[in-house]
Amino acid sequence: MSKYRIGNFAFDITQPLPEFSSAWADAYAVEPHPEHPGGLIALLQNHRLPPRIDVWEALEGPKIGALQTILDYEIVPVGVQHKLGFVMERPPGMPLVSDLGKPFNSFREDDLRARLIRPMLTTLVGLHGRALFHGGISPLNLFALPGMHQLMLGECISLPAGLRQPALFEPIERAQCPPENKGESTIEDDVLALGVTAYLMMLGQNPFATLPDDDLIRARLEIGTSTLMLNSAKLPPAMVEFVRGTCSDHPKQRWNFTEIENWLAGMRITPRAATQHLKASRGVLFNGKEYFRARNLAAALPDKPPEVRKLVESGELLRWVQRGLNDMTLYESVHVLMEQMKTSKETDEILAAHFSIALDPHGPLRYKSLRVMPSALGTLLCQAFINQDAAQQQHIVEVITSDLINFWIGRPGNGSVYLLALAKDIEQARGYMNGVGLGYGIERMLYELQRYAPCYSENFTRPYVLSLKQFLPALEELAASGRRPADPLDRHSAAFLAARIGGRGQDNLIKALEPTKGGAMRSIAVLNLLADVQNRYGPDSLPRLTAWLSETLRPALDRFNSRALRQTLQKSLTKIVGDGNLHALQKAIDSPEVVEGDLKAFRAAARQYRALAEQVREVDVLLENKMAVGVAVGQRLAAGIAVILGLFVVSMAVARAVHG
Amino acid sequence: MSDEHKPEEAAKPEKAKKEKPGKEKKSGGVVGWMLLSVPIMVGLGLFYTPLLLLVALMGPAWVALIMDSGEERAMGVCIGAGNLAGAVFIVAGLFLNPPPLATAIMQIQNVVTWFYPLSGAVVGAVIFYLVPLMVVESVFMRNQAHKKFLEESQKKLMEEWGDGVRMG
């Protein structure tokens with residue numbers, strides 16, 4: 001079987017499209033569809049990182065500018081592992097650049113204005129109108145016919161934001177993070193990516209191609225992104241203005257849409273007052289190296305946490321901030337941290353992370369080997385579970401259980417609505433961490449923080465469980481397989497279920513999964529949860545899962561006292577298993593009327609048993625004293641018989657005497 | 001005098017009232033016995049020989065009654081009833097034609113006269129010893145059957161409800 005469907009669209013996996021494939025996904029040609037004469041392609045994911053389904057939902061409606069439209073997505077049961085597949089518009093041509101390390105076609109300023117910047121501005125305005133960002137604008141993700149005609153911006157849904165974005169196209173803060181650690185982006189970051197894209201397309205080469213990412217980041221930190229770019233190439237004055245306006249390292253200094261529009265119209269834009277990161281008059285020595293900028297020192301601090309403590313306790317850091325940098329705001333911030341340090345007993349690593357945040361408030365959160373933007377913690381956890389990286393998981397837990405995220409969000413300029421909501425989510429996730437049973441722990445935290453993470457249960461290595469709609473069919477498949485475990489839910493699937501099922505009423509069901517509960521109660525809790533999922537998401541019939549659950553419910557059957565009731569239930573279970581209806585199974589085994597009725601009847605039977613035992617004891621006394629009891633009665637009876645017989649004989653004798 | 005003593009005074013007439021009927025009953029009893037003694041004396045006068053014979057032939061009954069220490073004197077009653085039947089069988093005809101004293105004494109000395117009273121006493125004794133044994137066995141068997149029924153009922157409850165039903 002080579003043909004598969006995603007929604008209404010059919011595609012054949014024997015017709016791959018290598019030009020649109022990547023390490024992350026394989027592309028295939030979709031059969032012609034009358035409503036899409038430009039053609040469609042199907043993209044099957046080769047990874048299990050969370051897609052941006054919320055963005056897909058927000059993009060429903062009129063097409064946005066040059067953005068590639070995703071028409072549908074679905075789990076495709078192809079090969080040994082099910083894959084998440086997307087159907088999207090076919091790009092009109094190849095990517096503008098396939099390798100940033102090699103020279104490529106350059107374009108004139110007029111062409112760039114008309115064929116790149118204008119359509120991209122329309123696209124960004126459309127995205128901003130729906131409170132979205134793209135997060136992946138680069139020549140690698142822009143497709144067009146030769147001459148940059150019919151430009152199309154590649155989709156931004158199938159991967160986490162910024163995952164495929166080279167560091168050059170990211171703002172300096174995000175550029176310092178590994179690809180999966182970047183988290184949510186902003187439309188201002190898209191403007192920067194557009195500026196870098198236009199810069200490269202103008203040059204026809206990447207001047208930083210030979211520069212390793214770390215060196216590029218260091219250079220950007222040292223002199224600023226736009227300055228570095230403009231120092232590395234000679235551009236026409238208008239393009240210099242555009243690059244300087246769009247590639248500023250300060251989001252608030254970056255051009256907005258009106259300014260780009262004015263620039264496109266040929267107007268001169270008044271340059272904004274540039275805020276340079278202060279360079280100290282003297283350096284501070286840390287780990288054998290001298291630093292002149294707070295941001296650069298912040299990036300180095302978590303590499304040697306014990307040295308940070310020395311630097312802080314000696315007062316050298318505070319002196320450098322006060323006298324070298326002469327930054328009184330930063331001085332105040334560092335001073336407050338030092339005062340707090342005296343009373344708290346935080347580890348060297350946490351201390352280093354705190355001072356790193358204080359020195360570079362907008363930079364990534366740096367803790368041990370982690371370099372992560374707070375909004376990426378969920379995605380990073382996904383990556384840690386996919387790679388089975390226990391150390392990474394532990395680091396994330398330590399970050400979440402510390403106050404680092406709140407401290408980061410509390411820095412001026414970091415408290416966006418999204419991040420404040422994230423702080424609330426993390427506070428809640430911290431509570432889930434403390435739970436020990438199924439449905440809690442780090443797994444629950446993962447699914448709470450990343451709403452579109454698929455279930456990473458080892459039971460679901462073949463099926464792809466993105467939502468509760470796929471959950472029961474996956475369990476049904478597992479039930480039918482030979483590798484069925486003892487319990488239907490493991491830590492991951494229970495946490496996934498708990499996070500996705502929602503609703504306050506479900507909390508008690510999740511709590512019933514705790515290991516302290518008896519086997520019967522846990523089995524019933526699992527049944528109740530799964531029955532609820534079947535009721536809400538289907539499918540209607542799950543015979544193999546029902547059979548599996550009915551086996552796990554044996555201890556639950558044993559909780560009924562009445563043997564007759566157990567036999568009746570066992571018989572009815574056989575019938576229910578055939579129907580595959582979990583709700584019916586739940587009703588049979590956990591109906592309050594049946595449970596209560598059994599309990600009442602049992603109590604009555606116990607009372608009856610006690611009464612019978614009392615009677616037996618009484619009879620035993622009678623049997624043990626049989627002579628005492630029987631003789632007294634017998635003697636009374638004997639006397640009665642003797643008197644009756646005697647009177648009879650007397651009356652006979654008298655009668656005989658009278659009648660002669 | 002305080003009001004607290006008034007109830008004691010009030011109780012005195014009630015006590016007096018209670019004693020009066022007793023005195024009347026006692027005097028009535030004496031009169032009754034006096035009236036009853038007249039026919040008894042007349043009867044003893046008319047039938048003294050058959051009565052003498054009857055009292056003599058009831059000898060085993062008197063012995064049994066004296067020897068029976070039981071609360072209900074069942075043995076005495078059994079032997080006495082049998083003995084009375086045997087004695088009446090001999091004496092009944094003599095009340096219609098009472099014999100002289102010498103004849104009555106001769107009859108007492110006659111061994112044959114004692115056959116019926118003694119046989120009656122033996123039958124009474126047999127009843128006294130056999131009937132209790134039969135009753136004991138019957139009650140024992142009935143209790144055993146009842147116990148078996150109770151135990152069966154308990155077993156059925158345990159089969160239906162399990163061992164837990166014993167603990168309640």
# chains A, B, ... in the order shown; residues from 1 in each chain; ligands from 1

$ residues_around --residues "Val139 (chain B)" --least-positions-apart "5" --cutoff "9 Å" --atoms "only C-alpha atoms" --output "PDB file with N, CA and C atoms, in the first residue's frame"
ATOM      1  N   LEU A 623     -27.361 -29.324  73.663  1.00  0.00           N
ATOM      2  CA  LEU A 623     -26.851 -30.655  73.338  1.00  0.00           C
ATOM      3  C   LEU A 623     -25.878 -31.148  74.408  1.00  0.00           C
ATOM      4  N   LYS A 626     -27.904 -32.399  77.585  1.00  0.00           N
ATOM      5  CA  LYS A 626     -29.139 -33.025  77.080  1.00  0.00           C
ATOM      6  C   LYS A 626     -29.937 -33.719  78.194  1.00  0.00           C
ATOM      7  N   VAL A 629     -31.815 -31.176  80.466  1.00  0.00           N
ATOM      8  CA  VAL A 629     -32.962 -30.550  79.810  1.00  0.00           C
ATOM      9  C   VAL A 629     -34.067 -31.562  79.570  1.00  0.00           C
ATOM     10  N   GLY A 630     -33.708 -32.767  79.031  1.00  0.00           N
ATOM     11  CA  GLY A 630     -34.707 -33.758  78.629  1.00  0.00           C
ATOM     12  C   GLY A 630     -35.365 -34.442  79.807  1.00  0.00           C
TER      13      GLY A 630
ATOM     14  N   MET B 134     -37.012 -41.421  76.649  1.00  0.00           N
ATOM     15  CA  MET B 134     -37.529 -41.206  75.279  1.00  0.00           C
ATOM     16  C   MET B 134     -37.526 -39.712  74.923  1.00  0.00           C
ATOM     17  N   GLN B 144     -30.086 -31.615  67.403  1.00  0.00           N
ATOM     18  CA  GLN B 144     -29.014 -31.900  66.434  1.00  0.00           C
ATOM     19  C   GLN B 144     -29.431 -31.474  65.024  1.00  0.00           C
TER      20      GLN B 144
END

$ select_by_dssp --residues "region 204-415 of chain A" --states "strand (DSSP E)" --output "PyMOL selection string"
chain A and resi 279-286+289-293+365-367+370-372

$ write_last_selection --atoms "C-alpha atoms" --output "compact mmCIF listing (two decimals), in the first residue's frame"
# COMPACT_ATOMS: atom_id res chain seq x y z
CA LYS A 279 31.25 49.25 27.42
CA ALA A 280 33.12 49.54 30.69
CA SER A 281 36.05 51.86 31.05
CA ARG A 282 37.95 48.95 32.58
CA GLY A 283 37.46 45.23 32.28
CA VAL A 284 36.55 42.66 34.91
CA LEU A 285 38.57 39.47 35.08
CA PHE A 286 36.52 36.27 35.15
CA LYS A 289 39.40 36.47 30.64
CA GLU A 290 38.69 40.19 30.75
CA TYR A 291 35.14 41.40 30.01
CA PHE A 292 34.06 44.94 29.14
CA ARG A 293 30.31 44.46 28.53
CA LEU A 365 18.23 31.81 31.04
CA ARG A 366 21.64 30.25 31.65
CA TYR A 367 21.81 27.44 34.16
CA LEU A 370 21.21 25.05 29.68
CA ARG A 371 20.83 28.16 27.51
CA VAL A 372 17.11 28.56 27.10

$ interface_residues --of "chain B" --to "chain A" --cutoff "6 Å" --atoms "only C-alpha atoms" --output "PyMOL selection string"
chain B and resi 74+77-78+81-82+85+88-89+92-93+124+127-128+131-132+135-136+147+154+160-161+165+168

$ write_last_selection --atoms "C-alpha atoms" --output "PDB file, in the first residue's frame"
ATOM      1  CA  ALA B  74     -42.588 -36.863  89.610  1.00  0.00           C
ATOM      2  CA  VAL B  77     -46.712 -39.040  91.363  1.00  0.00           C
ATOM      3  CA  CYS B  78     -46.033 -41.835  88.816  1.00  0.00           C
ATOM      4  CA  ALA B  81     -50.965 -42.951  90.320  1.00  0.00           C
ATOM      5  CA  GLY B  82     -50.213 -46.607  89.373  1.00  0.00           C
ATOM      6  CA  ALA B  85     -55.243 -47.474  90.248  1.00  0.00           C
ATOM      7  CA  VAL B  88     -58.952 -48.827  93.754  1.00  0.00           C
ATOM      8  CA  PHE B  89     -59.312 -51.888  91.538  1.00  0.00           C
ATOM      9  CA  ALA B  92     -63.867 -49.983  94.843  1.00  0.00           C
ATOM     10  CA  GLY B  93     -66.477 -52.724  95.447  1.00  0.00           C
ATOM     11  CA  GLY B 124     -45.908 -46.207  87.381  1.00  0.00           C
ATOM     12  CA  ILE B 127     -43.382 -44.942  83.088  1.00  0.00           C
ATOM     13  CA  PHE B 128     -41.267 -42.710  85.318  1.00  0.00           C
ATOM     14  CA  VAL B 131     -40.667 -41.627  79.329  1.00  0.00           C
ATOM     15  CA  PRO B 132     -37.809 -39.209  80.280  1.00  0.00           C
ATOM     16  CA  VAL B 135     -37.992 -37.478  75.681  1.00  0.00           C
ATOM     17  CA  VAL B 136     -34.232 -36.872  76.122  1.00  0.00           C
ATOM     18  CA  LYS B 147     -27.982 -27.247  64.675  1.00  0.00           C
ATOM     19  CA  GLN B 154     -24.100 -20.291  57.757  1.00  0.00           C
ATOM     20  CA  GLU B 160     -22.380 -16.428  48.785  1.00  0.00           C
ATOM     21  CA  TRP B 161     -20.543 -13.684  50.662  1.00  0.00           C
ATOM     22  CA  VAL B 165     -19.289 -12.294  56.323  1.00  0.00           C
ATOM     23  CA  GLY B 168     -19.174  -8.643  59.562  1.00  0.00           C
TER      24      GLY B 168
END

$ closest_residue --among "B:Val126, B:Ala145, B:Ile90, B:Met106" --to "Met58 (chain B)" --atoms "only C-alpha atoms"
B:Ile90

$ select_by_dssp --residues "region 330-454 of chain A" --states "alpha helix (DSSP H)" --output "MDAnalysis selection string"
chainID A and resid 330:343 348:359 377:386 390:401 404:409 417:434 442:449

$ atom_distance --atom1 "CA of Lys155 (chain B)" --atom2 "CA of Ser591 (chain A)"
28.8 Å

$ atom_distance --atom1 "CA of Leu124 (chain A)" --atom2 "CA of Asn262 (chain A)"
15.4 Å

$ residues_around --residues "Glu241 (chain A)" --least-positions-apart "6" --cutoff "12 Å" --atoms "only C-alpha atoms" --output "ChimeraX atom specification"
/A:195,199,226-227,230,235,247-248,254-255,259-260,263-264,266-272

$ residues_around --residues "Ile501 (chain A)" --least-positions-apart "3" --cutoff "8 Å" --atoms "only C-alpha atoms" --output "number ranges by chain"
A: 468, 497-498, 506, 533

$ closest_residue --among "A:Gly154, A:Gly315, A:Pro212, A:Gly204" --to "His335 (chain A)" --atoms "only C-alpha atoms"
A:Gly315

$ residues_around --residues "Arg491 (chain A)" --least-positions-apart "3" --cutoff "12 Å" --atoms "only C-alpha atoms" --output "list of chain:residue names"
A:Gly435, A:Val436, A:Gly437, A:Leu438, A:Gly439, A:Tyr440, A:Gly441, A:Ile442, A:Glu443, A:Arg444, A:Met445, A:Leu446, A:Tyr447, A:Cys455, A:Tyr456, A:Ser457, A:Glu458, A:Asn459, A:Asp487, A:Pro488, A:Ala494, A:Ala495, A:Phe496, A:Leu497, A:Ala498, A:Ile510, A:Leu513, A:Glu514, A:Pro515

$ atom_distance --atom1 "CA of Ala131 (chain A)" --atom2 "CA of Leu377 (chain A)"
21.4 Å

$ residues_around --residues "Gly120 (chain B)" --least-positions-apart "3" --cutoff "6 Å" --atoms "only C-alpha atoms" --output "list in words"
Gly82, Asn83, Gly86, Pro117 and Val123 of chain B

$ write_last_selection --atoms "N, CA and C atoms" --output "short mmCIF file (atom, residue, chain, number, x, y, z; two decimals), in the first residue's frame"
data_model
loop_
_atom_site.label_atom_id
_atom_site.label_comp_id
_atom_site.auth_asym_id
_atom_site.auth_seq_id
_atom_site.Cartn_x
_atom_site.Cartn_y
_atom_site.Cartn_z
N GLY B 82 -50.09 -45.18 89.71
CA GLY B 82 -50.21 -46.61 89.37
C GLY B 82 -50.73 -47.38 90.57
N ASN B 83 -50.17 -47.08 91.74
CA ASN B 83 -50.54 -47.76 93.00
C ASN B 83 -52.02 -47.51 93.33
N GLY B 86 -54.24 -49.56 91.08
CA GLY B 86 -54.28 -50.97 91.51
C GLY B 86 -55.11 -51.13 92.78
N PRO B 117 -52.26 -53.52 93.59
CA PRO B 117 -51.61 -52.27 93.98
C PRO B 117 -50.12 -52.25 93.64
N VAL B 123 -45.86 -50.41 87.25
CA VAL B 123 -46.14 -49.76 85.95
C VAL B 123 -45.80 -48.26 86.05
#

$ residues_around --residues "region 343-357 of chain A" --least-positions-apart "5" --cutoff "9 Å" --atoms "only C-alpha atoms" --output "NGL selection string"
:A and (294-295 or 297-309 or 312 or 334 or 337 or 362-368 or 399 or 402 or 404 or 407-408 or 411)

$ decode --residues "region 142-162 of chain B" --atoms "N, CA and C atoms" --output "compact mmCIF listing (two decimals), in the first residue's frame"
# COMPACT_ATOMS: atom_id res chain seq x y z
N ARG B 142 -33.78 -33.68 67.86
CA ARG B 142 -34.35 -32.46 67.27
C ARG B 142 -33.34 -31.31 67.31
N ASN B 143 -32.61 -31.19 68.42
CA ASN B 143 -31.60 -30.13 68.54
C ASN B 143 -30.46 -30.33 67.55
N GLN B 144 -30.09 -31.62 67.40
CA GLN B 144 -29.01 -31.90 66.43
C GLN B 144 -29.43 -31.47 65.02
N ALA B 145 -30.68 -31.79 64.69
CA ALA B 145 -31.19 -31.43 63.34
C ALA B 145 -31.22 -29.90 63.19
N HIS B 146 -31.62 -29.24 64.24
CA HIS B 146 -31.71 -27.77 64.21
C HIS B 146 -30.32 -27.16 64.04
N LYS B 147 -29.35 -27.76 64.77
CA LYS B 147 -27.98 -27.25 64.67
C LYS B 147 -27.46 -27.43 63.25
N LYS B 148 -27.76 -28.60 62.67
CA LYS B 148 -27.30 -28.87 61.32
C LYS B 148 -27.90 -27.85 60.34
N PHE B 149 -29.17 -27.56 60.55
CA PHE B 149 -29.85 -26.59 59.68
C PHE B 149 -29.18 -25.20 59.80
N LEU B 150 -28.87 -24.84 61.07
CA LEU B 150 -28.24 -23.53 61.29
C LEU B 150 -26.86 -23.47 60.63
N GLU B 151 -26.11 -24.56 60.78
CA GLU B 151 -24.76 -24.59 60.20
C GLU B 151 -24.82 -24.56 58.68
N GLU B 152 -25.81 -25.25 58.13
CA GLU B 152 -25.98 -25.22 56.66
C GLU B 152 -26.26 -23.79 56.19
N SER B 153 -27.10 -23.12 56.97
CA SER B 153 -27.44 -21.73 56.61
C SER B 153 -26.19 -20.85 56.64
N GLN B 154 -25.34 -21.07 57.66
CA GLN B 154 -24.10 -20.29 57.76
C GLN B 154 -23.18 -20.58 56.57
N LYS B 155 -23.12 -21.87 56.23
CA LYS B 155 -22.25 -22.28 55.11
C LYS B 155 -22.72 -21.61 53.81
N LYS B 156 -24.04 -21.58 53.63
CA LYS B 156 -24.59 -20.95 52.41
C LYS B 156 -24.23 -19.47 52.37
N LEU B 157 -24.32 -18.82 53.53
CA LEU B 157 -23.97 -17.38 53.59
C LEU B 157 -22.50 -17.18 53.24
N MET B 158 -21.65 -18.09 53.74
CA MET B 158 -20.22 -17.96 53.45
C MET B 158 -19.92 -18.22 51.98
N GLU B 159 -20.65 -19.19 51.43
CA GLU B 159 -20.44 -19.45 49.99
C GLU B 159 -20.83 -18.23 49.17
N GLU B 160 -21.89 -17.57 49.55
CA GLU B 160 -22.38 -16.43 48.78
C GLU B 160 -21.55 -15.17 49.06
N TRP B 161 -21.16 -14.97 50.30
CA TRP B 161 -20.54 -13.68 50.66
C TRP B 161 -19.07 -13.77 51.04
N GLY B 162 -18.56 -15.02 51.11
CA GLY B 162 -17.15 -15.16 51.42
C GLY B 162 -16.87 -15.11 52.91
